[in-house]
Each structure stands twice: as structure tokens, then as C-alpha cells.
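Student: Mind having a look at this structure? Questions to follow.
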Amino acid sequence: MIGLAVFALLLGYGQCNLQLLTPQLLVPTFATGCYYHGSFYPLGWFRTNPCESCMCNNRGQVTCMFAECLIPPLCADPVHEKDNCCPTCPNGYTCKAPDGHIVKAGETYHLNSYTSCQCETHLLYDFTAVCTEQDPSIP
């Protein structure tokens with residue numbers, strides 16, 4: 001019985017020493033997160049905004065990737081939505097009439113009684129409505 005008590009005492013002593021030595025000598029210390037632009041982020045991937053994805057590694061270092069909008073929005077009235085990096089066209093393909101009115105693809109807008117404007121989709125990246133005037137003397 002005394003031998004078991006001595007064994008338990010030695011085992012407990014050994015565990016105590018291992019617990020003290022392990023973080024200091026046997027295992028390198030790792031960061032629990034990273035500071036980036038004044039904010040703390042846990043280990044792993046995080047986003048600071050819709051266009052930037054970052055990785056916090058166990059050494060406390062941050063590596064980021066930035067998205068680029070390679071294709072411009074196909075409309076005259078693009079919108080930057082909160083959760084999207086690149087602008088979107090919630091109204092679809094649109095053009096702008098000379099007075100600033102937004103015309104949807106396929107619609108006709110009457111600028112005045114003798115001028116009508118249309119948004120022609122075959123004019124890629126030209127979002128100016130094509131307007132034609134009708135001679136007011138012709139009924």
C-alpha cells in the first residue's frame with residue numbers, strides 16, 4: 001500500500017513538472033489570434049469588408065487577399081450593396097436618357113412629345129439611351 005502511495009506521489013509530481021515544462025520547453029507557443037487595423041481576430045479566415053479576405057495564422061501574422069471587380073456593371077445605375085464587393089445592377093441592363101432618367105432595356109421613354117428614347121442592349125458598355133426625334137409637323 002505504501003508503494004502505491006509513493007507511485008501516486010511520483011506520478012503526481014511528474015505530471016506537475018510536465019505541466020510546468022510543456023508550454024515553456026517542449027511545445028512552442030502559438031498565438032490565439034491576430035491584431036489587424038486595430039481589431040483582434042481569432043485564428044483562421046476573417047473578412048474586414050466584402051472585398052478583403054484575410055487569414056490569421058498561429059504565429060500572429062495576417063495575410064490578406066483583395067478582390068477586384070474585373071467586369072464593370074452592365075447598367076447606368078450600378079449599386080454598391082453592403083455585402084457585395086463589386087457593384088450590381090438590381091434593375092438589370094439600363095441606360096440613361098439625356099435628362100438623367102433611367103431607361104430599362106426594351107422600354108421606350110418619352111423625353112418630350114416628339115422625342116423617344118430606348119435602351120439598346122447591343123451597345124455593350126455604352127449606357128446612353130438612343131433617342132430619336134419625330135418631326136412635330138408629321139402626325
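We name chains A, B, ... following the order of the C-alpha cells; residues begin at 1 in each chain, and ligands are numbered from 1 as shown.
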Just want the 10 Å neighbourhood of range 48-65 of chain A, counted on only C-alpha atoms, with same-chain residues fewer than 6 positions away dropped. Output as a list in words.

Tutor: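 Within the cut-off, the hits are Thr29, Phe30, Ala31, Thr32, Gly33, Cys34, Tyr35, Tyr36, His37, Ser39, Phe40, Tyr41, Pro42, Glu81, Lys82, Asp83, Asn84, Cys85 and Cys86 of chain A.
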
Student: Among range 18-123 of chain A, which ones does DSSP assign to helix (DSSP H, G or I) (computed from the backbone)? Answer as a list of chain:residue names.

Tutor: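 Checking each residue of range 18-123 of chain A, the helix (DSSP H, G or I) ones are A:Leu18, A:Gln19, A:Leu20, A:Leu21, A:Thr22, A:Pro23, A:Gln24, A:Leu25, A:Leu26.
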
Student: Print the selection's residues with all heavy atoms to a file, as a PDB file, in the first residue's frame.

Tutor:
```
ATOM      1  N   LEU A  18       5.626  18.174 -15.742  1.00  0.00           N
ATOM      2  CA  LEU A  18       5.340  18.212 -17.174  1.00  0.00           C
ATOM      3  C   LEU A  18       4.440  19.380 -17.524  1.00  0.00           C
ATOM      4  O   LEU A  18       4.643  20.040 -18.526  1.00  0.00           O
ATOM      5  CB  LEU A  18       4.696  16.900 -17.632  1.00  0.00           C
ATOM      6  CG  LEU A  18       5.628  15.706 -17.766  1.00  0.00           C
ATOM      7  CD1 LEU A  18       4.843  14.467 -18.160  1.00  0.00           C
ATOM      8  CD2 LEU A  18       6.714  15.987 -18.786  1.00  0.00           C
ATOM      9  N   GLN A  19       3.471  19.645 -16.665  1.00  0.00           N
ATOM     10  CA  GLN A  19       2.578  20.756 -16.949  1.00  0.00           C
ATOM     11  C   GLN A  19       3.333  22.079 -16.909  1.00  0.00           C
ATOM     12  O   GLN A  19       3.050  22.971 -17.677  1.00  0.00           O
ATOM     13  CB  GLN A  19       1.413  20.770 -15.958  1.00  0.00           C
ATOM     14  CG  GLN A  19       0.433  19.646 -16.205  1.00  0.00           C
ATOM     15  CD  GLN A  19      -0.639  19.580 -15.149  1.00  0.00           C
ATOM     16  OE1 GLN A  19      -0.592  20.291 -14.159  1.00  0.00           O
ATOM     17  NE2 GLN A  19      -1.597  18.689 -15.349  1.00  0.00           N
ATOM     18  N   LEU A  20       4.300  22.186 -16.035  1.00  0.00           N
ATOM     19  CA  LEU A  20       5.073  23.417 -15.962  1.00  0.00           C
ATOM     20  C   LEU A  20       6.062  23.528 -17.120  1.00  0.00           C
ATOM     21  O   LEU A  20       6.286  24.590 -17.647  1.00  0.00           O
ATOM     22  CB  LEU A  20       5.829  23.497 -14.629  1.00  0.00           C
ATOM     23  CG  LEU A  20       4.986  23.710 -13.378  1.00  0.00           C
ATOM     24  CD1 LEU A  20       5.868  23.637 -12.133  1.00  0.00           C
ATOM     25  CD2 LEU A  20       4.273  25.051 -13.444  1.00  0.00           C
ATOM     26  N   LEU A  21       6.645  22.401 -17.520  1.00  0.00           N
ATOM     27  CA  LEU A  21       7.667  22.424 -18.554  1.00  0.00           C
ATOM     28  C   LEU A  21       7.088  22.456 -19.965  1.00  0.00           C
ATOM     29  O   LEU A  21       7.677  23.030 -20.855  1.00  0.00           O
ATOM     30  CB  LEU A  21       8.578  21.202 -18.416  1.00  0.00           C
ATOM     31  CG  LEU A  21       9.423  21.133 -17.146  1.00  0.00           C
ATOM     32  CD1 LEU A  21      10.202  19.824 -17.122  1.00  0.00           C
ATOM     33  CD2 LEU A  21      10.362  22.316 -17.078  1.00  0.00           C
ATOM     34  N   THR A  22       5.933  21.848 -20.167  1.00  0.00           N
ATOM     35  CA  THR A  22       5.395  21.694 -21.516  1.00  0.00           C
ATOM     36  C   THR A  22       5.263  23.022 -22.266  1.00  0.00           C
ATOM     37  O   THR A  22       5.821  23.160 -23.344  1.00  0.00           O
ATOM     38  CB  THR A  22       4.042  20.951 -21.469  1.00  0.00           C
ATOM     39  OG1 THR A  22       4.263  19.670 -20.927  1.00  0.00           O
ATOM     40  CG2 THR A  22       3.448  20.821 -22.854  1.00  0.00           C
ATOM     41  N   PRO A  23       4.587  24.045 -21.734  1.00  0.00           N
ATOM     42  CA  PRO A  23       4.469  25.253 -22.516  1.00  0.00           C
ATOM     43  C   PRO A  23       5.779  26.008 -22.660  1.00  0.00           C
ATOM     44  O   PRO A  23       5.966  26.739 -23.597  1.00  0.00           O
ATOM     45  CB  PRO A  23       3.448  26.099 -21.762  1.00  0.00           C
ATOM     46  CG  PRO A  23       3.078  25.367 -20.549  1.00  0.00           C
ATOM     47  CD  PRO A  23       3.807  24.077 -20.521  1.00  0.00           C
ATOM     48  N   GLN A  24       6.723  25.793 -21.737  1.00  0.00           N
ATOM     49  CA  GLN A  24       7.950  26.573 -21.766  1.00  0.00           C
ATOM     50  C   GLN A  24       9.050  25.916 -22.588  1.00  0.00           C
ATOM     51  O   GLN A  24       9.783  26.589 -23.282  1.00  0.00           O
ATOM     52  CB  GLN A  24       8.446  26.813 -20.343  1.00  0.00           C
ATOM     53  CG  GLN A  24       7.484  27.659 -19.532  1.00  0.00           C
ATOM     54  CD  GLN A  24       7.885  27.744 -18.078  1.00  0.00           C
ATOM     55  OE1 GLN A  24       8.885  27.164 -17.669  1.00  0.00           O
ATOM     56  NE2 GLN A  24       7.098  28.444 -17.295  1.00  0.00           N
ATOM     57  N   LEU A  25       9.169  24.586 -22.498  1.00  0.00           N
ATOM     58  CA  LEU A  25      10.319  23.938 -23.116  1.00  0.00           C
ATOM     59  C   LEU A  25       9.982  22.967 -24.242  1.00  0.00           C
ATOM     60  O   LEU A  25      10.713  22.881 -25.201  1.00  0.00           O
ATOM     61  CB  LEU A  25      11.125  23.188 -22.044  1.00  0.00           C
ATOM     62  CG  LEU A  25      11.672  24.045 -20.902  1.00  0.00           C
ATOM     63  CD1 LEU A  25      12.359  23.161 -19.874  1.00  0.00           C
ATOM     64  CD2 LEU A  25      12.649  25.075 -21.443  1.00  0.00           C
ATOM     65  N   LEU A  26       8.904  22.227 -24.129  1.00  0.00           N
ATOM     66  CA  LEU A  26       8.651  21.146 -25.070  1.00  0.00           C
ATOM     67  C   LEU A  26       7.809  21.551 -26.271  1.00  0.00           C
ATOM     68  O   LEU A  26       7.983  21.025 -27.346  1.00  0.00           O
ATOM     69  CB  LEU A  26       7.970  19.972 -24.338  1.00  0.00           C
ATOM     70  CG  LEU A  26       8.766  19.387 -23.175  1.00  0.00           C
ATOM     71  CD1 LEU A  26       7.962  18.300 -22.485  1.00  0.00           C
ATOM     72  CD2 LEU A  26      10.093  18.850 -23.656  1.00  0.00           C
TER      73      LEU A  26
END
```

Student: Using Å and a single decimal, report how far CA of Phe66 in chain A sits from CA of Tyr93 in chain A.

Tutor: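 Separating CA of Tyr93 in chain A from CA of Phe66 in chain A is a distance of 26.9 Å.
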
Student: Please list as a PyMOL selection string every residue within 12 Å of Leu124 in chain A, counting only C-alpha atoms and excluding residues in the same chain fewer than 5 positions away.

Tutor: chain A and resi 71-76+93-95+105+119+129

Student: Take the residues from that selection and write them out as a PDB file, in the first residue's frame, keeping N, CA and C atoms.

Tutor:
```pdb
ATOM      1  N   ILE A  71     -15.094  42.834 -64.244  1.00  0.00           N
ATOM      2  CA  ILE A  71     -16.129  43.164 -65.221  1.00  0.00           C
ATOM      3  C   ILE A  71     -16.970  44.301 -64.655  1.00  0.00           C
ATOM      4  N   PRO A  72     -16.978  45.439 -65.340  1.00  0.00           N
ATOM      5  CA  PRO A  72     -17.784  46.553 -64.830  1.00  0.00           C
ATOM      6  C   PRO A  72     -19.273  46.210 -64.907  1.00  0.00           C
ATOM      7  N   PRO A  73     -20.073  46.840 -64.068  1.00  0.00           N
ATOM      8  CA  PRO A  73     -21.508  46.555 -64.091  1.00  0.00           C
ATOM      9  C   PRO A  73     -22.122  46.956 -65.429  1.00  0.00           C
ATOM     10  N   LEU A  74     -23.072  46.151 -65.896  1.00  0.00           N
ATOM     11  CA  LEU A  74     -23.710  46.400 -67.188  1.00  0.00           C
ATOM     12  C   LEU A  74     -24.999  47.190 -67.009  1.00  0.00           C
ATOM     13  N   CYS A  75     -24.852  48.418 -66.527  1.00  0.00           N
ATOM     14  CA  CYS A  75     -26.015  49.273 -66.342  1.00  0.00           C
ATOM     15  C   CYS A  75     -25.584  50.715 -66.092  1.00  0.00           C
ATOM     16  N   ALA A  76     -26.532  51.612 -66.228  1.00  0.00           N
ATOM     17  CA  ALA A  76     -26.272  53.028 -65.995  1.00  0.00           C
ATOM     18  C   ALA A  76     -26.463  53.404 -64.531  1.00  0.00           C
ATOM     19  N   TYR A  93     -30.138  45.578 -67.120  1.00  0.00           N
ATOM     20  CA  TYR A  93     -29.427  46.431 -68.079  1.00  0.00           C
ATOM     21  C   TYR A  93     -30.211  47.728 -68.232  1.00  0.00           C
ATOM     22  N   THR A  94     -29.571  48.844 -67.985  1.00  0.00           N
ATOM     23  CA  THR A  94     -30.240  50.147 -68.080  1.00  0.00           C
ATOM     24  C   THR A  94     -29.370  51.154 -68.806  1.00  0.00           C
ATOM     25  N   CYS A  95     -30.014  52.200 -69.288  1.00  0.00           N
ATOM     26  CA  CYS A  95     -29.336  53.313 -69.954  1.00  0.00           C
ATOM     27  C   CYS A  95     -29.846  54.618 -69.343  1.00  0.00           C
ATOM     28  N   ALA A 105     -33.792  48.214 -70.345  1.00  0.00           N
ATOM     29  CA  ALA A 105     -33.650  47.584 -71.656  1.00  0.00           C
ATOM     30  C   ALA A 105     -35.018  47.194 -72.194  1.00  0.00           C
ATOM     31  N   CYS A 119     -33.287  52.005 -74.635  1.00  0.00           N
ATOM     32  CA  CYS A 119     -32.031  51.436 -74.153  1.00  0.00           C
ATOM     33  C   CYS A 119     -31.746  50.211 -75.017  1.00  0.00           C
ATOM     34  N   ALA A 129     -28.988  56.205 -73.530  1.00  0.00           N
ATOM     35  CA  ALA A 129     -30.187  55.838 -74.293  1.00  0.00           C
ATOM     36  C   ALA A 129     -30.115  56.463 -75.687  1.00  0.00           C
TER      37      ALA A 129
END
```
